[in-house]
Amino acid sequence: MRLAEEGADIIAADLCEQVASVGYPLATPQDLDETARQVRALGRRVFAVQADVRDYAGLAKALDEAVAELGRLDIVSANAGILSHGTADALDEACWQDMIDINLTGAWHTAKAAVPHLIAGGRGGSIVLTSSGVVMKGTPNFAHYVSAKHGLVGLTRTLARELAPHWVRVNALHPGNVDTAMLRNPETLRLFRPDLENPTVEDVSAEFQKTNAMPIPWLDPIDISNALLFLASEEARYITGVSLPVDAGYALI
Amino acid sequence: MAGRVDGKVAFITGAARGQGRSHAVRLAEEGADIIAVDIAEDIASVRRFYPGATEADLAETVKEVEALGRNIVAAKADVRDYDALQKALDDGVAQLGHVDIVSANAAIWIFGDLAHEVAEQDWQDLIDVNLTGVWHTAKAAIPHLIAQRTGGSIIITSSTAGLRGSPRAVQYVTSKHAVIGLMRTLAMELAPHSIRVNTVNPTGVDTIMIQNEATWRLFLPEVAYPTREQAAEVFTPTNALPIPWVEPRDVSNAVLFLASDEARYITGTTLLVDAGYTLK
C-alpha cells in the first residue's frame, strides 16, 4: 500500500497456505485478494499471485509473468517470513527446516528470481530484505529464526557487492516487534506471559514495552513500510549494504 | 502536498555551506524553519588544508532558505563555545517558537600525520569541534526538546570513519567513532521522552572538506599537483557503487528521513550513506 501510494505498481506474491510448524494462521487467498483490491483502489496496477518462496521455479515463473505484464521491475521487498519457537535443543527438524527454507532460502530465491530482471532493465534497482531486530542480539526460543535473520545480513552484504556495478542496491531492514498476526496470536503472546493461559495483547503490552528504549510496546507495519519506501526511493540512491534498524531502540537495551 | 517536516524547526550547526547548507535547504523544501549557526571563520589548524566558511556563505544559506518561503534565524557561533551556541539556539527558539530537529553537522578535517606525530593543537581543535561541539549542540537543544513534550529527532553527522580506521587521520577517526558512543547514550537517555537520536555515516561527500589539494594529495602522495579528476579515480574503487563520492543532497535526504515522522521509531542507529564503502 505504501509503495502504491507513492506511485509504484505492485507484484504481490504470497503462499496463502498454512505451514505445519507454524502455530498461528498464515495468510489466505482472501487476504491476498484484499491486498490487490486496496492497491487497485489507489489507482495502481497489481499482479497478485500465489507462490511459495521455497519453490524457486514457481516463484521465478510467477515473477517472469508479472514483469511481462507490468513491463519492468525496480524494487524488491523480500518480506515473506514465519515465526515458530522452541529452545535450540528442543526444536524439531521440520520446525528448523521450514524456518530456514522460508526466512532465509526464500529470500535468496526472491533475489535470484529478481536479479536478472533488474540487470536487464539497465536502470539499477533496490532490493530490501526484511531481517529483524533480533540480529542485534540473540533471543532465547528462536535459534532458527535468529539464525535465518542473521543469514539475511550476510546475503544482503554479498548481494550488495555483487550488484553494485549494476546500480542495484541491496539493504536489510531490522524491525522490532511489529503489530501483525505474527505477534498478535495466542502462541506468541503466551511466550511473553507464560503465567496466563490465554493472554491478550493488553496483558503483554508492558512486557513488550520493556524490550524497547522508546515507551511503546511494538511498531505498526506502516513504520517498516516507510523505511522500505525510503530505501526503495531515489533519495537513497547511494545507500547500499546497510542494516537499518526500525526498532524503537530495541537494539540499544 | 504537505511537506514531510511541515511545521517543524531544525537547528543546524555548520550551516554556512556544504552539507549544513544542503540540510537547511532540503528541510526547508519540506516545510521546516531553520536555526542556522556557523563559526563563519577560519580555524588556524584547518587553514593549511582548506579555508573556513565565511559570513557571506552563511548569508547565502539564509537567502536560499528564504527563497523557499521559510523562516531562518542565522547566527555566527562556534560549537566549541557552549554559552554562545546556547544563546544562538535560545534566540532562534524565541523567534521561531520551538525546535524539533537537531543536525549536529559542524566538523573539521585535519589529517596527514601518523597518530604519534599529531600536534597537540591539531588533536585538540579537532576533538573540540567534532566531538565536544556535538555534545554542546545536544546539550543546548535537549532542554528545549524535553520541555516541549513533543519528542524530537537529533541527527549527528558521523562518517564511515566512525566505523573504520583510516591511517593518517587518527583525530578525525577518533572523533567520528566517539560521536557514535554519544549518540547511543543520548538515544537511551532520551527515548523515554520520545526523542530519537541517530547518526548519518557518509562516505566522502563532494564539499570543500575533501575537494582540496591537500586532501587529494593524501590519497595521491606521489602526485605533486593532484586534481579533482585524479582524486575521483582513486576514490571510486573505495566504494562498491561506481562513484567517487556522494553529493551533499544524498546526506540531506537521509537527514530528512530521520528527521521526519516516517522514522518515528528509528533511534540509536548509524545510517550509512556510503555507496557500499564499508562493505569492501
# chains A, B, ... in the order shown; residues from 1 in each chain; ligands from 1
>>> closest_atom_pairs(of="chain B", to="chain A", cutoff="8 Å", atoms="only C-alpha atoms", output="JSON lines")
{"residue": "B:Arg184", "atom": "CA", "partner": "A:Leu252", "partner_atom": "CA", "distance": 7.1}
{"residue": "B:Ala187", "atom": "CA", "partner": "A:Gly249", "partner_atom": "CA", "distance": 7.6}
{"residue": "B:Met188", "atom": "CA", "partner": "A:Ala213", "partner_atom": "CA", "distance": 6.1}
{"residue": "B:Ala191", "atom": "CA", "partner": "A:Met214", "partner_atom": "CA", "distance": 4.5}
{"residue": "B:Pro192", "atom": "CA", "partner": "A:Met214", "partner_atom": "CA", "distance": 5.5}
{"residue": "B:His193", "atom": "CA", "partner": "A:Met214", "partner_atom": "CA", "distance": 7.7}
{"residue": "B:Ser194", "atom": "CA", "partner": "A:Met214", "partner_atom": "CA", "distance": 6.1}
{"residue": "B:Ala240", "atom": "CA", "partner": "A:Ala164", "partner_atom": "CA", "distance": 5.7}
{"residue": "B:Leu241", "atom": "CA", "partner": "A:Ala164", "partner_atom": "CA", "distance": 4.7}
{"residue": "B:Pro242", "atom": "CA", "partner": "A:Pro165", "partner_atom": "CA", "distance": 6.2}
{"residue": "B:Val246", "atom": "CA", "partner": "A:Tyr238", "partner_atom": "CA", "distance": 7.1}
{"residue": "B:Asp250", "atom": "CA", "partner": "A:Glu235", "partner_atom": "CA", "distance": 6.6}
{"residue": "B:Asn253", "atom": "CA", "partner": "A:Glu235", "partner_atom": "CA", "distance": 5.7}
{"residue": "B:Ala254", "atom": "CA", "partner": "A:Ala236", "partner_atom": "CA", "distance": 7.3}
{"residue": "B:Phe257", "atom": "CA", "partner": "A:Phe230", "partner_atom": "CA", "distance": 7.4}
{"residue": "B:Glu262", "atom": "CA", "partner": "A:Asn226", "partner_atom": "CA", "distance": 5.6}
{"residue": "B:Ala263", "atom": "CA", "partner": "A:Asp223", "partner_atom": "CA", "distance": 7.0}
{"residue": "B:Arg264", "atom": "CA", "partner": "A:Asp223", "partner_atom": "CA", "distance": 7.5}
{"residue": "B:Tyr265", "atom": "CA", "partner": "A:Ala248", "partner_atom": "CA", "distance": 4.5}
{"residue": "B:Ile266", "atom": "CA", "partner": "A:Val246", "partner_atom": "CA", "distance": 4.8}
{"residue": "B:Thr267", "atom": "CA", "partner": "A:Gly249", "partner_atom": "CA", "distance": 5.4}
{"residue": "B:Gly268", "atom": "CA", "partner": "A:Gly249", "partner_atom": "CA", "distance": 5.9}
{"residue": "B:Thr269", "atom": "CA", "partner": "A:Pro245", "partner_atom": "CA", "distance": 6.6}
{"residue": "B:Thr270", "atom": "CA", "partner": "A:Leu244", "partner_atom": "CA", "distance": 8.0}
{"residue": "B:Leu271", "atom": "CA", "partner": "A:Leu244", "partner_atom": "CA", "distance": 6.7}
{"residue": "B:Leu272", "atom": "CA", "partner": "A:Val242", "partner_atom": "CA", "distance": 6.4}
{"residue": "B:Val273", "atom": "CA", "partner": "A:Ile239", "partner_atom": "CA", "distance": 4.9}
{"residue": "B:Asp274", "atom": "CA", "partner": "A:Ile239", "partner_atom": "CA", "distance": 6.1}
{"residue": "B:Ala275", "atom": "CA", "partner": "A:Tyr238", "partner_atom": "CA", "distance": 4.6}
{"residue": "B:Gly276", "atom": "CA", "partner": "A:Thr240", "partner_atom": "CA", "distance": 5.3}
{"residue": "B:Leu279", "atom": "CA", "partner": "A:Gly241", "partner_atom": "CA", "distance": 6.7}
{"residue": "B:Lys280", "atom": "CA", "partner": "A:Arg161", "partner_atom": "CA", "distance": 7.9}
>>> select_by_dssp(residues="stretch 23-240 of chain A", states="strand (DSSP E)", output="list in words")
Val46, Phe47, Ala48, Val49, Gln50, Ile75, Val76, Ser77, Ala78, Gly125, Ser126, Ile127, Val128, Leu129, Thr130, Val168, Arg169, Val170, Asn171, Ala172, Leu173, His174 and Pro175 of chain A
>>> write_last_selection(atoms="N, CA and C atoms", output="PDB file, in the first residue's frame")
ATOM      1  N   VAL A  46      -1.796  -4.016 -10.184  1.00  0.00           N
ATOM      2  CA  VAL A  46      -1.301  -5.052  -9.275  1.00  0.00           C
ATOM      3  C   VAL A  46      -1.347  -6.406  -9.979  1.00  0.00           C
ATOM      4  N   PHE A  47      -0.305  -7.181  -9.762  1.00  0.00           N
ATOM      5  CA  PHE A  47      -0.258  -8.566 -10.240  1.00  0.00           C
ATOM      6  C   PHE A  47      -0.104  -9.420  -8.990  1.00  0.00           C
ATOM      7  N   ALA A  48      -1.187 -10.047  -8.575  1.00  0.00           N
ATOM      8  CA  ALA A  48      -1.155 -10.853  -7.354  1.00  0.00           C
ATOM      9  C   ALA A  48      -1.098 -12.325  -7.722  1.00  0.00           C
ATOM     10  N   VAL A  49      -0.257 -13.054  -7.021  1.00  0.00           N
ATOM     11  CA  VAL A  49      -0.064 -14.456  -7.390  1.00  0.00           C
ATOM     12  C   VAL A  49       0.255 -15.281  -6.142  1.00  0.00           C
ATOM     13  N   GLN A  50      -0.352 -16.457  -6.077  1.00  0.00           N
ATOM     14  CA  GLN A  50       0.006 -17.381  -5.004  1.00  0.00           C
ATOM     15  C   GLN A  50       1.294 -18.087  -5.409  1.00  0.00           C
ATOM     16  N   ILE A  75      11.945  -2.546  -7.726  1.00  0.00           N
ATOM     17  CA  ILE A  75      12.028  -2.656  -6.267  1.00  0.00           C
ATOM     18  C   ILE A  75      11.669  -4.078  -5.876  1.00  0.00           C
ATOM     19  N   VAL A  76      12.431  -4.647  -4.953  1.00  0.00           N
ATOM     20  CA  VAL A  76      12.140  -5.993  -4.467  1.00  0.00           C
ATOM     21  C   VAL A  76      12.093  -5.960  -2.945  1.00  0.00           C
ATOM     22  N   SER A  77      10.981  -6.360  -2.379  1.00  0.00           N
ATOM     23  CA  SER A  77      10.860  -6.490  -0.932  1.00  0.00           C
ATOM     24  C   SER A  77      10.779  -7.967  -0.589  1.00  0.00           C
ATOM     25  N   ALA A  78      11.889  -8.514  -0.082  1.00  0.00           N
ATOM     26  CA  ALA A  78      11.900  -9.925   0.335  1.00  0.00           C
ATOM     27  C   ALA A  78      11.418  -9.958   1.776  1.00  0.00           C
ATOM     28  N   GLY A 125      18.274  -0.616  -9.372  1.00  0.00           N
ATOM     29  CA  GLY A 125      17.142  -1.145  -8.620  1.00  0.00           C
ATOM     30  C   GLY A 125      17.457  -1.157  -7.142  1.00  0.00           C
ATOM     31  N   SER A 126      16.457  -1.556  -6.363  1.00  0.00           N
ATOM     32  CA  SER A 126      16.633  -1.595  -4.910  1.00  0.00           C
ATOM     33  C   SER A 126      15.998  -2.867  -4.365  1.00  0.00           C
ATOM     34  N   ILE A 127      16.825  -3.677  -3.721  1.00  0.00           N
ATOM     35  CA  ILE A 127      16.340  -4.895  -3.068  1.00  0.00           C
ATOM     36  C   ILE A 127      16.393  -4.653  -1.566  1.00  0.00           C
ATOM     37  N   VAL A 128      15.309  -4.929  -0.883  1.00  0.00           N
ATOM     38  CA  VAL A 128      15.276  -4.754   0.571  1.00  0.00           C
ATOM     39  C   VAL A 128      14.864  -6.081   1.198  1.00  0.00           C
ATOM     40  N   LEU A 129      15.745  -6.604   2.041  1.00  0.00           N
ATOM     41  CA  LEU A 129      15.446  -7.854   2.728  1.00  0.00           C
ATOM     42  C   LEU A 129      14.960  -7.530   4.133  1.00  0.00           C
ATOM     43  N   THR A 130      13.867  -8.125   4.526  1.00  0.00           N
ATOM     44  CA  THR A 130      13.378  -7.892   5.884  1.00  0.00           C
ATOM     45  C   THR A 130      14.055  -8.879   6.818  1.00  0.00           C
ATOM     46  N   VAL A 168      22.384  -1.790  -8.688  1.00  0.00           N
ATOM     47  CA  VAL A 168      21.319  -2.413  -7.889  1.00  0.00           C
ATOM     48  C   VAL A 168      21.772  -2.362  -6.434  1.00  0.00           C
ATOM     49  N   ARG A 169      20.980  -1.706  -5.609  1.00  0.00           N
ATOM     50  CA  ARG A 169      21.310  -1.566  -4.199  1.00  0.00           C
ATOM     51  C   ARG A 169      20.603  -2.650  -3.392  1.00  0.00           C
ATOM     52  N   VAL A 170      21.239  -3.104  -2.318  1.00  0.00           N
ATOM     53  CA  VAL A 170      20.669  -4.178  -1.508  1.00  0.00           C
ATOM     54  C   VAL A 170      20.852  -3.821  -0.037  1.00  0.00           C
ATOM     55  N   ASN A 171      19.760  -3.747   0.694  1.00  0.00           N
ATOM     56  CA  ASN A 171      19.820  -3.357   2.100  1.00  0.00           C
ATOM     57  C   ASN A 171      18.904  -4.245   2.927  1.00  0.00           C
ATOM     58  N   ALA A 172      19.136  -4.223   4.231  1.00  0.00           N
ATOM     59  CA  ALA A 172      18.308  -5.023   5.150  1.00  0.00           C
ATOM     60  C   ALA A 172      17.593  -4.110   6.141  1.00  0.00           C
ATOM     61  N   LEU A 173      16.359  -4.440   6.430  1.00  0.00           N
ATOM     62  CA  LEU A 173      15.601  -3.776   7.486  1.00  0.00           C
ATOM     63  C   LEU A 173      15.584  -4.672   8.721  1.00  0.00           C
ATOM     64  N   HIS A 174      15.666  -4.016   9.882  1.00  0.00           N
ATOM     65  CA  HIS A 174      15.675  -4.766  11.145  1.00  0.00           C
ATOM     66  C   HIS A 174      14.573  -4.264  12.066  1.00  0.00           C
ATOM     67  N   PRO A 175      13.346  -4.698  11.825  1.00  0.00           N
ATOM     68  CA  PRO A 175      12.242  -4.223  12.666  1.00  0.00           C
ATOM     69  C   PRO A 175      12.288  -4.806  14.073  1.00  0.00           C
TER      70      PRO A 175
END
>>> select_by_dssp(residues="stretch 58-214 of chain A", states="helix (DSSP H, G or I)", output="number ranges by chain")
A: 58-70, 93-121, 133-136, 143-166, 186-192, 201-209
>>> closest_residue(among="B:Val9, B:Val118, B:Ala67, B:Val255", to="B:Ala94", atoms="only C-alpha atoms")
B:Val9
>>> atom_distance(atom1="atom CA of B:Glu29", atom2="atom CA of B:Leu68")
6.4 Å
>>> residues_around(residues="B:Val173", least_positions_apart="5", cutoff="7 Å", atoms="only C-alpha atoms", output="PyMOL selection string")
chain B and resi 161-162+165-166
>>> write_last_selection(atoms="N, CA and C atoms", output="short mmCIF file (atom, residue, chain, number, x, y, z; two decimals), in the first residue's frame")
data_model
loop_
_atom_site.label_atom_id
_atom_site.label_comp_id
_atom_site.auth_asym_id
_atom_site.auth_seq_id
_atom_site.Cartn_x
_atom_site.Cartn_y
_atom_site.Cartn_z
N ALA B 161 34.30 6.89 8.70
CA ALA B 161 35.43 6.91 9.63
C ALA B 161 34.98 6.73 11.07
N GLY B 162 33.67 6.68 11.31
CA GLY B 162 33.16 6.34 12.63
C GLY B 162 33.09 4.85 12.85
N GLY B 165 38.85 2.36 10.74
CA GLY B 165 40.07 3.14 10.92
C GLY B 165 40.53 3.69 9.59
N SER B 166 41.44 4.65 9.64
CA SER B 166 41.98 5.24 8.43
C SER B 166 43.34 5.86 8.78
#
>>> closest_residue(among="B:Ala106, B:Ile243, B:Leu163, B:Ala115", to="B:Gly18", atoms="only C-alpha atoms")
B:Ala106
>>> atom_distance(atom1="atom CA of B:Thr54", atom2="atom CA of B:Asp122")
21.2 Å
>>> residues_around(residues="stretch 39-47 of chain B", least_positions_apart="4", cutoff="8 Å", atoms="only C-alpha atoms", output="ChimeraX atom specification")
/B:14,16,51-55,57-58,76-79,108-110,121-122,125
>>> residues_around(residues="stretch 126-136 of chain B", least_positions_apart="3", cutoff="6 Å", atoms="only C-alpha atoms", output="number ranges by chain")
B: 79-80, 82, 104, 107, 123, 139, 175
>>> atom_distance(atom1="atom CA of A:Ala181", atom2="atom CA of A:Asn103")
16.3 Å
>>> closest_residue(among="B:Ile142, B:Ala84, B:Ala231, B:Leu256", to="B:Ile210", atoms="only C-alpha atoms")
B:Ala231
>>> residues_around(residues="B:Ala10", least_positions_apart="2", cutoff="7 Å", atoms="only C-alpha atoms", output="list in words")
Lys8, Ile12, Ala32, Asp33, Ile34, Ile35, Val99, Asp100, Ile101 and Val102 of chain B
>>> decode(residues="stretch 191-217 of chain A", atoms="C-alpha atoms", output="PDB file, in the first residue's frame")
ATOM      1  CA  LEU A 191       5.782 -16.686  25.363  1.00  0.00           C
ATOM      2  CA  PHE A 192       5.713 -13.267  26.983  1.00  0.00           C
ATOM      3  CA  ARG A 193       3.173 -14.178  29.665  1.00  0.00           C
ATOM      4  CA  PRO A 194       3.687 -17.878  30.372  1.00  0.00           C
ATOM      5  CA  ASP A 195       1.708 -17.359  33.580  1.00  0.00           C
ATOM      6  CA  LEU A 196      -1.513 -16.802  31.606  1.00  0.00           C
ATOM      7  CA  GLU A 197      -3.313 -19.449  29.603  1.00  0.00           C
ATOM      8  CA  ASN A 198      -4.876 -17.013  27.135  1.00  0.00           C
ATOM      9  CA  PRO A 199      -3.046 -13.702  27.376  1.00  0.00           C
ATOM     10  CA  THR A 200      -4.465 -10.762  25.465  1.00  0.00           C
ATOM     11  CA  VAL A 201      -2.490  -8.085  23.701  1.00  0.00           C
ATOM     12  CA  GLU A 202      -3.164  -5.827  26.671  1.00  0.00           C
ATOM     13  CA  ASP A 203      -1.713  -8.427  29.029  1.00  0.00           C
ATOM     14  CA  VAL A 204       1.619  -8.495  27.211  1.00  0.00           C
ATOM     15  CA  SER A 205       1.930  -4.818  26.379  1.00  0.00           C
ATOM     16  CA  ALA A 206       4.057  -3.991  29.423  1.00  0.00           C
ATOM     17  CA  GLU A 207       6.372  -6.951  28.802  1.00  0.00           C
ATOM     18  CA  PHE A 208       6.876  -5.916  25.189  1.00  0.00           C
ATOM     19  CA  GLN A 209       7.478  -2.310  26.141  1.00  0.00           C
ATOM     20  CA  LYS A 210      10.342  -3.354  28.441  1.00  0.00           C
ATOM     21  CA  THR A 211      12.204  -4.599  25.366  1.00  0.00           C
ATOM     22  CA  ASN A 212      12.238  -1.156  23.716  1.00  0.00           C
ATOM     23  CA  ALA A 213      14.036   2.037  24.727  1.00  0.00           C
ATOM     24  CA  MET A 214      11.154   4.161  23.462  1.00  0.00           C
ATOM     25  CA  PRO A 215       7.966   3.952  25.501  1.00  0.00           C
ATOM     26  CA  ILE A 216       5.941   1.826  23.084  1.00  0.00           C
ATOM     27  CA  PRO A 217       5.271  -1.921  23.069  1.00  0.00           C
TER      28      PRO A 217
END
